[in-house]
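Asker: Provided below: final_1.cif, containing mmCIF, C-alpha atoms.
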data_structure
#
loop_
_atom_site.group_PDB
_atom_site.id
_atom_site.type_symbol
_atom_site.label_atom_id
_atom_site.label_comp_id
_atom_site.auth_asym_id
_atom_site.auth_seq_id
_atom_site.Cartn_x
_atom_site.Cartn_y
_atom_site.Cartn_z
ATOM 1 C CA MET A 4 -47.420 16.730 -130.173
ATOM 2 C CA THR A 5 -49.536 13.726 -131.068
ATOM 3 C CA MET A 6 -49.974 12.849 -134.713
ATOM 4 C CA LYS A 7 -52.628 10.405 -135.876
ATOM 5 C CA ARG A 8 -51.967 7.994 -138.687
ATOM 6 C CA TRP A 9 -53.485 8.497 -142.119
ATOM 7 C CA SER A 10 -57.111 7.380 -142.201
ATOM 8 C CA PRO A 11 -60.122 7.966 -144.471
ATOM 9 C CA ILE A 12 -61.445 11.477 -144.127
ATOM 10 C CA LYS A 13 -64.747 11.971 -142.340
ATOM 11 C CA PRO A 14 -67.824 12.661 -144.475
ATOM 12 C CA GLY A 15 -68.719 16.297 -145.006
ATOM 13 C CA VAL A 16 -65.200 17.667 -144.907
ATOM 14 C CA ALA A 17 -64.982 18.438 -148.604
ATOM 15 C CA ALA A 18 -67.224 18.745 -151.605
ATOM 16 C CA PRO A 19 -68.635 15.551 -153.192
ATOM 17 C CA GLY A 20 -66.128 13.807 -155.423
ATOM 18 C CA ILE A 21 -63.149 15.127 -153.466
ATOM 19 C CA ALA A 22 -63.519 13.490 -150.070
ATOM 20 C CA GLU A 23 -62.746 9.990 -151.287
ATOM 21 C CA ARG A 24 -59.351 11.191 -152.575
ATOM 22 C CA LEU A 25 -58.188 12.531 -149.242
ATOM 23 C CA GLY A 26 -56.716 11.221 -146.020
ATOM 24 C CA VAL A 27 -56.356 13.067 -142.737
ATOM 25 C CA THR A 28 -53.861 13.407 -139.913
ATOM 26 C CA VAL A 29 -54.283 15.780 -137.013
ATOM 27 C CA ASP A 30 -51.791 17.954 -135.176
ATOM 28 C CA GLU A 31 -53.566 18.024 -131.830
ATOM 29 C CA ARG A 32 -51.238 20.613 -130.325
ATOM 30 C CA ARG A 33 -51.846 23.220 -133.007
ATOM 31 C CA GLY A 34 -55.413 22.225 -133.815
ATOM 32 C CA VAL A 35 -54.641 21.691 -137.511
ATOM 33 C CA GLU A 36 -55.807 18.910 -139.820
ATOM 34 C CA TYR A 37 -53.595 17.855 -142.718
ATOM 35 C CA HIS A 38 -55.308 16.174 -145.668
ATOM 36 C CA ARG A 39 -53.782 14.466 -148.663
ATOM 37 C CA LEU A 40 -54.937 15.896 -151.980
ATOM 38 C CA HIS A 41 -54.235 14.069 -155.244
ATOM 39 C CA SER A 42 -53.657 16.787 -157.816
ATOM 40 C CA LYS A 43 -53.358 15.971 -161.518
ATOM 41 C CA ASP A 44 -50.918 18.822 -162.129
ATOM 42 C CA LEU A 45 -48.809 20.258 -159.341
ATOM 43 C CA LEU A 46 -47.403 22.819 -161.755
ATOM 44 C CA ASN A 47 -50.024 24.995 -163.455
ATOM 45 C CA LYS A 48 -49.899 27.364 -166.424
ATOM 46 C CA PHE A 49 -50.900 30.860 -165.384
ATOM 47 C CA ASN A 50 -53.306 32.454 -167.846
ATOM 48 C CA GLY A 51 -54.502 35.464 -165.869
ATOM 49 C CA ARG A 52 -53.559 39.107 -166.146
ATOM 50 C CA PRO A 53 -49.889 39.876 -166.951
ATOM 51 C CA MET A 54 -47.574 38.793 -164.130
ATOM 52 C CA PRO A 55 -43.796 38.263 -163.884
ATOM 53 C CA PHE A 56 -44.315 34.486 -164.025
ATOM 54 C CA GLY A 57 -45.980 32.047 -166.363
ATOM 55 C CA TRP A 58 -46.270 28.969 -164.166
ATOM 56 C CA THR A 59 -47.283 28.431 -160.537
ATOM 57 C CA VAL A 60 -46.645 25.762 -157.922
ATOM 58 C CA ASN A 61 -48.529 25.745 -154.628
ATOM 59 C CA PRO A 62 -47.578 22.565 -152.757
ATOM 60 C CA TYR A 63 -50.268 23.194 -150.135
ATOM 61 C CA ARG A 64 -53.857 24.398 -150.255
ATOM 62 C CA GLY A 65 -54.654 26.480 -147.196
ATOM 63 C CA CYS A 66 -52.021 28.168 -145.047
ATOM 64 C CA GLU A 67 -51.320 27.914 -141.356
ATOM 65 C CA MET A 68 -49.618 31.333 -141.225
ATOM 66 C CA ALA A 69 -53.100 32.850 -140.753
ATOM 67 C CA CYS A 70 -52.229 36.284 -142.159
ATOM 68 C CA ARG A 71 -55.177 38.613 -141.642
ATOM 69 C CA TYR A 72 -54.866 40.007 -145.154
ATOM 70 C CA CYS A 73 -54.284 36.789 -147.149
ATOM 71 C CA PHE A 74 -56.022 37.123 -150.511
ATOM 72 C CA ALA A 75 -56.090 33.342 -151.127
ATOM 73 C CA ARG A 76 -58.641 32.448 -148.453
ATOM 74 C CA TYR A 77 -61.368 32.115 -151.074
ATOM 75 C CA THR A 78 -59.639 29.057 -152.572
ATOM 76 C CA HIS A 79 -61.042 26.779 -149.856
ATOM 77 C CA GLU A 80 -64.499 27.507 -151.219
ATOM 78 C CA PHE A 81 -63.533 25.399 -154.254
ATOM 79 C CA LEU A 82 -63.527 22.401 -151.905
ATOM 80 C CA GLY A 83 -66.921 23.266 -150.482
ATOM 81 C CA LEU A 84 -65.417 24.709 -147.294
ATOM 82 C CA ASN A 85 -67.096 27.931 -146.225
ATOM 83 C CA ASP A 86 -65.889 27.940 -142.630
ATOM 84 C CA ARG A 87 -63.551 30.939 -142.355
ATOM 85 C CA ALA A 88 -61.225 29.124 -139.982
ATOM 86 C CA ALA A 89 -60.813 26.193 -142.364
ATOM 87 C CA PHE A 90 -58.246 27.974 -144.533
ATOM 88 C CA GLU A 91 -55.694 28.033 -141.714
ATOM 89 C CA ARG A 92 -56.834 24.924 -139.822
ATOM 90 C CA ARG A 93 -57.449 22.452 -142.657
ATOM 91 C CA ILE A 94 -54.353 22.162 -144.826
ATOM 92 C CA TYR A 95 -54.321 20.093 -148.007
ATOM 93 C CA VAL A 96 -51.026 18.410 -148.881
ATOM 94 C CA LYS A 97 -50.623 17.896 -152.618
ATOM 95 C CA ASP A 98 -48.894 14.957 -154.258
ATOM 96 C CA ALA A 99 -45.573 15.506 -156.008
ATOM 97 C CA GLU A 100 -45.308 12.623 -158.482
ATOM 98 C CA ARG A 101 -41.777 12.827 -159.866
ATOM 99 C CA ASP A 102 -42.239 11.752 -163.498
ATOM 100 C CA ARG A 103 -45.260 14.004 -163.991
ATOM 101 C CA LEU A 104 -43.452 16.921 -162.401
ATOM 102 C CA VAL A 105 -40.386 16.435 -164.614
ATOM 103 C CA THR A 106 -42.617 16.601 -167.685
ATOM 104 C CA GLU A 107 -44.318 19.761 -166.421
ATOM 105 C CA LEU A 108 -41.031 21.474 -165.552
ATOM 106 C CA ARG A 109 -39.615 20.693 -168.989
ATOM 107 C CA ARG A 110 -42.662 22.373 -170.541
ATOM 108 C CA ALA A 111 -42.080 25.411 -168.357
ATOM 109 C CA ARG A 112 -38.411 25.495 -169.348
ATOM 110 C CA ARG A 113 -39.298 25.437 -173.030
ATOM 111 C CA SER A 114 -41.634 28.379 -172.514
ATOM 112 C CA GLY A 115 -38.829 30.465 -171.009
ATOM 113 C CA GLN A 116 -41.255 31.738 -168.366
ATOM 114 C CA CYS A 117 -40.685 31.891 -164.632
ATOM 115 C CA VAL A 118 -42.035 29.170 -162.354
ATOM 116 C CA ALA A 119 -43.323 30.834 -159.173
ATOM 117 C CA ILE A 120 -43.524 28.640 -156.080
ATOM 118 C CA GLY A 121 -45.853 29.966 -153.398
ATOM 119 C CA THR A 122 -48.124 32.379 -155.246
ATOM 120 C CA ALA A 123 -51.199 31.603 -153.120
ATOM 121 C CA THR A 124 -50.025 29.792 -149.988
ATOM 122 C CA ASP A 125 -46.670 29.602 -148.247
ATOM 123 C CA PRO A 126 -44.584 26.675 -149.555
ATOM 124 C CA TYR A 127 -42.596 26.598 -146.296
ATOM 125 C CA GLN A 128 -45.500 26.804 -143.873
ATOM 126 C CA PRO A 129 -45.370 24.376 -140.884
ATOM 127 C CA ALA A 130 -46.776 21.504 -142.968
ATOM 128 C CA GLU A 131 -43.554 21.515 -145.010
ATOM 129 C CA GLY A 132 -41.570 20.481 -141.938
ATOM 130 C CA ARG A 133 -43.514 17.227 -141.895
ATOM 131 C CA PHE A 134 -44.425 16.504 -145.507
ATOM 132 C CA GLU A 135 -41.526 18.094 -147.477
ATOM 133 C CA VAL A 136 -43.525 18.563 -150.681
ATOM 134 C CA THR A 137 -41.662 21.777 -151.529
ATOM 135 C CA ARG A 138 -38.314 20.101 -151.030
ATOM 136 C CA ARG A 139 -39.321 17.269 -153.352
ATOM 137 C CA VAL A 140 -40.332 19.804 -155.991
ATOM 138 C CA LEU A 141 -36.920 21.467 -155.713
ATOM 139 C CA GLU A 142 -35.130 18.122 -155.892
ATOM 140 C CA VAL A 143 -36.958 17.352 -159.126
ATOM 141 C CA ALA A 144 -36.210 20.860 -160.439
ATOM 142 C CA ARG A 145 -32.512 20.184 -159.882
ATOM 143 C CA SER A 146 -32.736 17.499 -162.569
ATOM 144 C CA VAL A 147 -34.238 19.985 -165.065
ATOM 145 C CA PRO A 148 -31.495 22.615 -165.542
ATOM 146 C CA GLY A 149 -32.208 25.928 -167.207
ATOM 147 C CA LEU A 150 -35.332 26.852 -165.246
ATOM 148 C CA HIS A 151 -36.333 30.274 -163.934
ATOM 149 C CA LEU A 152 -37.556 29.723 -160.371
ATOM 150 C CA SER A 153 -39.003 32.171 -157.863
ATOM 151 C CA ILE A 154 -39.927 31.130 -154.317
ATOM 152 C CA THR A 155 -41.958 33.356 -151.982
ATOM 153 C CA THR A 156 -42.243 32.639 -148.264
ATOM 154 C CA LYS A 157 -42.526 34.106 -144.788
ATOM 155 C CA SER A 158 -40.946 31.054 -143.210
ATOM 156 C CA THR A 159 -37.469 30.550 -141.790
ATOM 157 C CA LEU A 160 -37.758 26.902 -142.851
ATOM 158 C CA VAL A 161 -36.501 27.931 -146.282
ATOM 159 C CA ALA A 162 -32.997 28.101 -144.759
ATOM 160 C CA ARG A 163 -33.197 24.324 -144.302
ATOM 161 C CA ASP A 164 -32.888 23.999 -148.069
ATOM 162 C CA SER A 165 -30.043 26.486 -148.529
ATOM 163 C CA GLY A 166 -27.704 23.750 -149.740
ATOM 164 C CA LEU A 167 -30.239 22.404 -152.229
ATOM 165 C CA LEU A 168 -31.043 25.928 -153.409
ATOM 166 C CA ARG A 169 -27.337 26.610 -153.903
ATOM 167 C CA GLU A 170 -27.085 23.518 -156.101
ATOM 168 C CA LEU A 171 -30.172 24.617 -158.014
ATOM 169 C CA SER A 172 -28.713 28.092 -158.501
ATOM 170 C CA ALA A 173 -25.720 26.533 -160.228
ATOM 171 C CA VAL A 174 -27.927 25.111 -162.998
ATOM 172 C CA SER A 175 -30.967 27.415 -163.017
ATOM 173 C CA ASP A 176 -31.962 30.983 -162.231
ATOM 174 C CA VAL A 177 -33.282 30.918 -158.637
ATOM 175 C CA THR A 178 -34.551 33.713 -156.389
ATOM 176 C CA VAL A 179 -36.048 33.432 -152.914
ATOM 177 C CA ASN A 180 -38.391 36.221 -151.872
ATOM 178 C CA LEU A 181 -38.772 36.754 -148.129
ATOM 179 C CA SER A 182 -42.094 38.438 -147.407
ATOM 180 C CA ILE A 183 -41.693 40.878 -144.502
ATOM 181 C CA THR A 184 -44.169 43.694 -143.960
ATOM 182 C CA THR A 185 -42.833 45.339 -140.807
ATOM 183 C CA VAL A 186 -39.848 45.334 -138.459
ATOM 184 C CA ASP A 187 -42.211 45.670 -135.484
ATOM 185 C CA ALA A 188 -42.452 42.167 -134.014
ATOM 186 C CA ALA A 189 -45.565 42.966 -131.977
ATOM 187 C CA LEU A 190 -47.401 44.350 -135.009
ATOM 188 C CA ALA A 191 -46.242 41.425 -137.141
ATOM 189 C CA ARG A 192 -47.687 38.987 -134.593
ATOM 190 C CA ARG A 193 -51.070 40.696 -134.859
ATOM 191 C CA LEU A 194 -51.029 40.791 -138.656
ATOM 192 C CA GLU A 195 -49.419 37.372 -139.248
ATOM 193 C CA PRO A 196 -50.173 35.321 -136.105
ATOM 194 C CA ARG A 197 -48.239 32.163 -136.961
ATOM 195 C CA ALA A 198 -45.420 33.521 -139.100
ATOM 196 C CA PRO A 199 -41.871 33.779 -137.689
ATOM 197 C CA ARG A 200 -40.728 37.099 -136.224
ATOM 198 C CA PRO A 201 -39.351 39.625 -138.729
ATOM 199 C CA ASP A 202 -35.817 39.390 -137.322
ATOM 200 C CA LEU A 203 -35.858 35.618 -137.780
ATOM 201 C CA ARG A 204 -36.941 36.038 -141.396
ATOM 202 C CA PHE A 205 -34.062 38.431 -141.991
ATOM 203 C CA ALA A 206 -31.751 35.842 -140.409
ATOM 204 C CA ALA A 207 -33.042 33.281 -142.924
ATOM 205 C CA MET A 208 -32.393 35.803 -145.699
ATOM 206 C CA ARG A 209 -28.822 36.202 -144.462
ATOM 207 C CA ALA A 210 -28.331 32.422 -144.361
ATOM 208 C CA LEU A 211 -29.474 32.134 -147.968
ATOM 209 C CA ALA A 212 -27.256 34.990 -149.105
ATOM 210 C CA GLU A 213 -24.258 33.451 -147.356
ATOM 211 C CA ALA A 214 -25.021 30.172 -149.157
ATOM 212 C CA GLY A 215 -24.879 32.001 -152.473
ATOM 213 C CA VAL A 216 -28.643 32.036 -153.072
ATOM 214 C CA ALA A 217 -30.195 35.243 -154.401
ATOM 215 C CA ALA A 218 -32.687 36.615 -151.869
ATOM 216 C CA ARG A 219 -35.076 39.537 -152.223
ATOM 217 C CA LEU A 220 -37.283 41.465 -149.824
ATOM 218 C CA PHE A 221 -41.013 41.468 -150.568
ATOM 219 C CA VAL A 222 -42.870 44.183 -148.656
ATOM 220 C CA MET A 223 -46.195 42.598 -149.477
ATOM 221 C CA PRO A 224 -48.613 44.002 -148.719
ATOM 222 C CA ILE A 225 -48.104 47.590 -147.653
ATOM 223 C CA LEU A 226 -50.933 48.351 -145.228
ATOM 224 C CA PRO A 227 -52.092 51.991 -145.163
ATOM 225 C CA GLN A 228 -51.512 53.625 -141.766
ATOM 226 C CA LEU A 229 -50.145 50.384 -140.357
ATOM 227 C CA THR A 230 -46.910 49.628 -142.221
ATOM 228 C CA ASP A 231 -46.627 52.434 -144.792
ATOM 229 C CA ASP A 232 -44.708 54.950 -142.656
ATOM 230 C CA GLU A 233 -41.260 56.084 -143.730
ATOM 231 C CA PRO A 234 -39.379 54.731 -140.655
ATOM 232 C CA ASN A 235 -40.767 51.229 -141.260
ATOM 233 C CA LEU A 236 -39.980 51.226 -144.990
ATOM 234 C CA ARG A 237 -36.472 52.518 -144.378
ATOM 235 C CA ALA A 238 -35.856 49.999 -141.589
ATOM 236 C CA LEU A 239 -37.033 47.122 -143.787
ATOM 237 C CA LEU A 240 -34.731 48.136 -146.617
ATOM 238 C CA ALA A 241 -31.768 48.654 -144.294
ATOM 239 C CA ALA A 242 -32.300 45.240 -142.695
ATOM 240 C CA ALA A 243 -32.601 43.610 -146.117
ATOM 241 C CA ARG A 244 -29.392 45.299 -147.275
ATOM 242 C CA ASP A 245 -27.571 44.106 -144.142
ATOM 243 C CA ALA A 246 -28.881 40.576 -144.705
ATOM 244 C CA GLY A 247 -27.465 40.476 -148.232
ATOM 245 C CA ALA A 248 -30.654 40.952 -150.249
ATOM 246 C CA VAL A 249 -30.232 41.688 -153.942
ATOM 247 C CA GLY A 250 -33.395 43.764 -154.273
ATOM 248 C CA ALA A 251 -36.801 44.685 -152.908
ATOM 249 C CA GLU A 252 -40.345 45.003 -154.216
ATOM 250 C CA SER A 253 -43.731 45.783 -152.750
ATOM 251 C CA ASN A 254 -47.464 45.790 -153.433
ATOM 252 C CA VAL A 255 -50.349 47.552 -151.749
ATOM 253 C CA LEU A 256 -53.014 45.654 -149.799
ATOM 254 C CA PHE A 257 -55.537 43.751 -151.940
ATOM 255 C CA LEU A 258 -58.922 43.088 -150.327
ATOM 256 C CA ARG A 259 -61.102 40.723 -152.322
ATOM 257 C CA PRO A 260 -64.390 39.291 -150.991
ATOM 258 C CA GLY A 261 -63.683 36.651 -148.377
ATOM 259 C CA THR A 262 -60.564 38.480 -147.258
ATOM 260 C CA ARG A 263 -62.171 41.889 -146.865
ATOM 261 C CA GLU A 264 -64.616 40.620 -144.236
ATOM 262 C CA ILE A 265 -61.933 38.901 -142.173
ATOM 263 C CA PHE A 266 -59.568 41.851 -142.371
ATOM 264 C CA MET A 267 -62.254 44.367 -141.420
ATOM 265 C CA GLU A 268 -63.276 42.221 -138.439
ATOM 266 C CA PHE A 269 -59.630 42.176 -137.400
ATOM 267 C CA LEU A 270 -59.499 45.990 -137.599
ATOM 268 C CA VAL A 271 -62.647 46.324 -135.487
ATOM 269 C CA VAL A 272 -60.931 44.461 -132.656
ATOM 270 C CA ASP A 273 -57.298 45.536 -133.004
ATOM 271 C CA PHE A 274 -57.396 48.915 -134.774
ATOM 272 C CA PRO A 275 -60.952 50.303 -134.566
ATOM 273 C CA ARG A 276 -59.815 53.832 -135.467
ATOM 274 C CA LEU A 277 -58.772 52.527 -138.891
ATOM 275 C CA VAL A 278 -62.121 50.968 -139.798
ATOM 276 C CA PRO A 279 -63.533 54.135 -141.423
ATOM 277 C CA VAL A 280 -60.182 54.759 -143.131
ATOM 278 C CA TYR A 281 -60.187 51.358 -144.835
ATOM 279 C CA GLU A 282 -63.886 51.546 -145.624
ATOM 280 C CA ARG A 283 -63.183 54.751 -147.505
ATOM 281 C CA LEU A 284 -59.999 53.559 -149.189
ATOM 282 C CA TYR A 285 -61.461 50.273 -150.414
ATOM 283 C CA ARG A 286 -65.012 51.325 -151.123
ATOM 284 C CA GLY A 287 -66.137 49.710 -154.354
ATOM 285 C CA SER A 288 -62.750 48.189 -155.194
ATOM 286 C CA ALA A 289 -60.587 45.314 -153.947
ATOM 287 C CA ARG A 290 -57.414 46.998 -155.155
ATOM 288 C CA ARG A 291 -56.161 50.475 -154.401
ATOM 289 C CA ARG A 292 -56.047 52.243 -157.733
ATOM 290 C CA THR A 293 -53.467 54.699 -156.493
ATOM 291 C CA MET A 294 -51.007 54.727 -153.629
ATOM 292 C CA CYS A 295 -52.501 56.581 -150.678
ATOM 293 C CA ALA A 296 -51.006 60.027 -150.062
ATOM 294 C CA ARG A 297 -49.262 58.910 -146.903
ATOM 295 C CA SER A 298 -47.433 56.081 -148.660
ATOM 296 C CA ARG A 299 -46.442 58.295 -151.578
ATOM 297 C CA SER A 300 -45.080 61.047 -149.352
ATOM 298 C CA ALA A 301 -43.235 58.589 -147.093
ATOM 299 C CA TYR A 302 -41.580 56.909 -150.043
ATOM 300 C CA ALA A 303 -40.712 60.217 -151.713
ATOM 301 C CA ALA A 304 -39.139 61.436 -148.482
ATOM 302 C CA TRP A 305 -37.081 58.259 -148.162
ATOM 303 C CA ARG A 306 -35.829 58.511 -151.737
ATOM 304 C CA THR A 307 -35.003 62.209 -151.323
ATOM 305 C CA LYS A 308 -33.096 61.740 -148.086
ATOM 306 C CA SER A 309 -31.447 58.401 -148.727
ATOM 307 C CA GLY A 310 -31.425 57.646 -152.418
ATOM 308 C CA SER A 311 -30.730 54.012 -153.178
ATOM 309 C CA ALA A 312 -29.504 52.074 -150.168
ATOM 310 C CA PRO A 313 -25.988 50.734 -150.873
ATOM 311 C CA GLY A 314 -26.078 47.211 -152.239
ATOM 312 C CA ILE A 315 -29.815 47.025 -152.820
ATOM 313 C CA GLU A 316 -32.175 48.205 -155.519
ATOM 314 C CA PRO A 317 -34.687 50.933 -154.594
ATOM 315 C CA ILE A 318 -38.014 49.543 -153.472
ATOM 316 C CA VAL A 319 -40.602 49.515 -156.239
ATOM 317 C CA LEU A 320 -44.096 50.476 -155.125
ATOM 318 C CA THR A 321 -46.806 49.046 -157.346
ATOM 319 C CA SER A 322 -50.535 48.425 -157.111
ATOM 320 C CA GLY A 323 -50.693 44.771 -158.072
ATOM 321 C CA ARG A 324 -51.888 41.798 -156.071
ATOM 322 C CA PRO A 325 -49.691 40.961 -153.066
ATOM 323 C CA ALA A 326 -48.163 37.651 -152.181
ATOM 324 C CA SER A 327 -49.906 35.656 -149.479
#
Would you put the structure from the file into structure tokens?

Answerer:
Amino acid sequence: MTMKRWSPIKPGVAAPGIAERLGVTVDERRGVEYHRLHSKDLLNKFNGRPMPFGWTVNPYRGCEMACRYCFARYTHEFLGLNDRAAFERRIYVKDAERDRLVTELRRARRSGQCVAIGTATDPYQPAEGRFEVTRRVLEVARSVPGLHLSITTKSTLVARDSGLLRELSAVSDVTVNLSITTVDAALARRLEPRAPRPDLRFAAMRALAEAGVAARLFVMPILPQLTDDEPNLRALLAAARDAGAVGAESNVLFLRPGTREIFMEFLVVDFPRLVPVYERLYRGSARRRTMCARSRSAYAAWRTKSGSAPGIEPIVLTSGRPAS
């Protein structure tokens, strides 16, 4: 892999007023550009609809995982980038200025609300292996005891920080959520092209649990007629239990404009029989208002036959927005 040094970004990459604040390096092997982005506040107060967190941290804008269903793709439009491939091929690396971050984390601590890391893009995506923004955030958080932290990722790289997360857990409330939608590695590769295999994610979950870090399973999103069958849900929960997870949650697929088009194009190529199904299910709405009958019956059957899996909370099926 050849990495270029930081240099001024080429004109036309971002919207006026932003370009001059960026630099660029290129991963020629993976075809990804990494740009520096000076952000005034890395930690942001969340003021949207009720959620289980009050503050968000997204160390990167854009995500190399390239999940077909990612709801955050629209965020690149804020930078004047309308190329659909830009979200996964042009990654913006945010600054993590220590003093500013300490001040922001202290505000979050006073509020008593949870700080969610990775609500839009994966904080442990491949860029983290080079730039370590997420790790720096956690190192700063270690100096602000009494926080409520939640980290959501699909990456096995989170296991790199198991020691740091263990130290953080001794002074703050910390949970790592591993997002895993299916146990089928071939299906996962089609849905999440650049995310680690499901078994490797469960291995990372086990490593965290063994380090004394609370880990949860996020089945996010549940995809009708792709990942909502009873055998898959049961297998996910069993694997999470065996890996030492302390609980599990899920959300149904959310298809907002910008994501809907990409996901439907993906279905046309990979699962054409499902195109009319999804057109019907999501007609006129980005969010399923009710769980589809198949998901409801599969879950009811699992609960009836198995009850709560030993050592893990029952999965909670909701209709909110999924993690990326």

Asker: Between A:Ser182, A:Tyr281, A:Gly287, A:Glu264, which has the minimum distance to Ala243 in chain A (counting only C-alpha atoms)?

Answerer: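 Using only C-alpha atoms, Ala243 in chain A sits closest to A:Ser182.
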
Asker: Which is closest to Ile183 in chain A among A:Ala111, A:Leu167, A:Ala198, A:Ala162, if we use all atoms listed in the file?

Answerer: A:Ala198

Asker: The PyMOL selection byres ((chain A and resi 92) around 7) on the file shown: which residues, as a list in words?

Answerer: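 Checked against the file, the PyMOL selection byres ((chain A and resi 92) around 7) matches Gly34, Val35, Glu36, Glu67, Ala88, Ala89, Phe90, Glu91, Arg93 and Ile94 of chain A.
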
Asker: For a test of reading the model, state the distance in Å between CA of Val177 in chain A and CA of Val105 in chain A, rounded to one decimal.

Answerer: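 CA of Val177 in chain A sits 17.2 Å away from CA of Val105 in chain A.
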
Asker: Please report the interatomic distance between CA of Asn180 in chain A and CA of Ala217 in chain A in Å with one decimal.

Answerer: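 Going from CA of Asn180 in chain A over to CA of Ala217 in chain A, I get 8.6 Å.
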
Asker: Take the PyMOL selection byres ((chain A and resi 55) around 10), apply it to the structure above, and return the hits as a list in words.

Answerer: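 Answer for the PyMOL selection byres ((chain A and resi 55) around 10): Pro53, Met54, Phe56, Gly57, Trp58, Gln116, Cys117, Val118, Ala119 and Ser153 of chain A.
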
Asker: Can you tell me how far CA of Gly132 in chain A sits from CA of Leu160 in chain A, in Å to one decimal?

Answerer: 7.5 Å

Asker: So, counting all atoms listed in the file, which residue among A:Arg200, A:Arg133, A:Leu46, A:Thr184 is closest to Leu240 in chain A?

Answerer: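 Checking each of A:Arg200, A:Arg133, A:Leu46, A:Thr184 against Leu240 in chain A, counting all atoms listed in the file, the winner is A:Thr184.
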
Asker: Quick check on the file I pasted: which residues fall under the PyMOL selection byres ((chain A and resi 112) around 10)? Write them as a ChimeraX atom specification.

Answerer: /A:106-111,113-118,147-152,175

Asker: Would you please work out which residue, of A:Pro201, A:Pro224, A:Gly166, A:Pro62, is nearest to Ala238 in chain A when using all atoms listed in the file?

Answerer: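 The shortest atom-to-atom distance to Ala238 in chain A comes from A:Pro201.
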
Asker: Could you check which of A:Thr59, A:Val216, A:Ala144, A:Asn235 is closest to Ala188 in chain A, using all atoms listed in the file?

Answerer: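 Using all atoms listed in the file, the shortest distance to Ala188 in chain A belongs to A:Asn235.
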
Asker: May I ask which of the residues A:Ala212, A:Leu104, A:Leu203, A:Ala189 is the closest one to Arg244 in chain A, counting all atoms listed in the file?

Answerer: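 Of the candidates, the smallest distance to Arg244 in chain A is held by A:Ala212.
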
Asker: Determine, counting all atoms listed in the file, which protein, DNA and RNA residues have an atom within 10 Å of an atom of Leu181 in chain A; residues of the same chain fewer than 4 positions away are not included. Present the result as a ChimeraX atom specification.

Answerer: /A:154-159,161,201,204-205,207-208,218-223,243,248,251

Asker: Determine, counting only C-alpha atoms, every residue of protein, DNA or RNA that lies within 7 Å of (-57.9, 40.0, -139.2) in the file coordinates, then give the result as a PyMOL selection string.

Answerer: chain A and resi 71-72+194+265-270

Asker: Name all residues at most 12 Å from Leu45 in chain A (count all atoms listed in the file; drop same-chain ones fewer than 2 positions away) and give them as a PyMOL selection string.

Answerer: chain A and resi 40-43+47-48+58-64+96-108+118-121+136-137+139-140

Asker: I need every residue sitting at most 6 Å from the point (-49.3, 35.4, -143.7) (coordinates as in the file, only C-alpha atoms considered), written as a list in words.

Answerer: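 Every residue inside that radius is included here: Met68, Ala69, Cys70, Glu195 and Ser327 of chain A.
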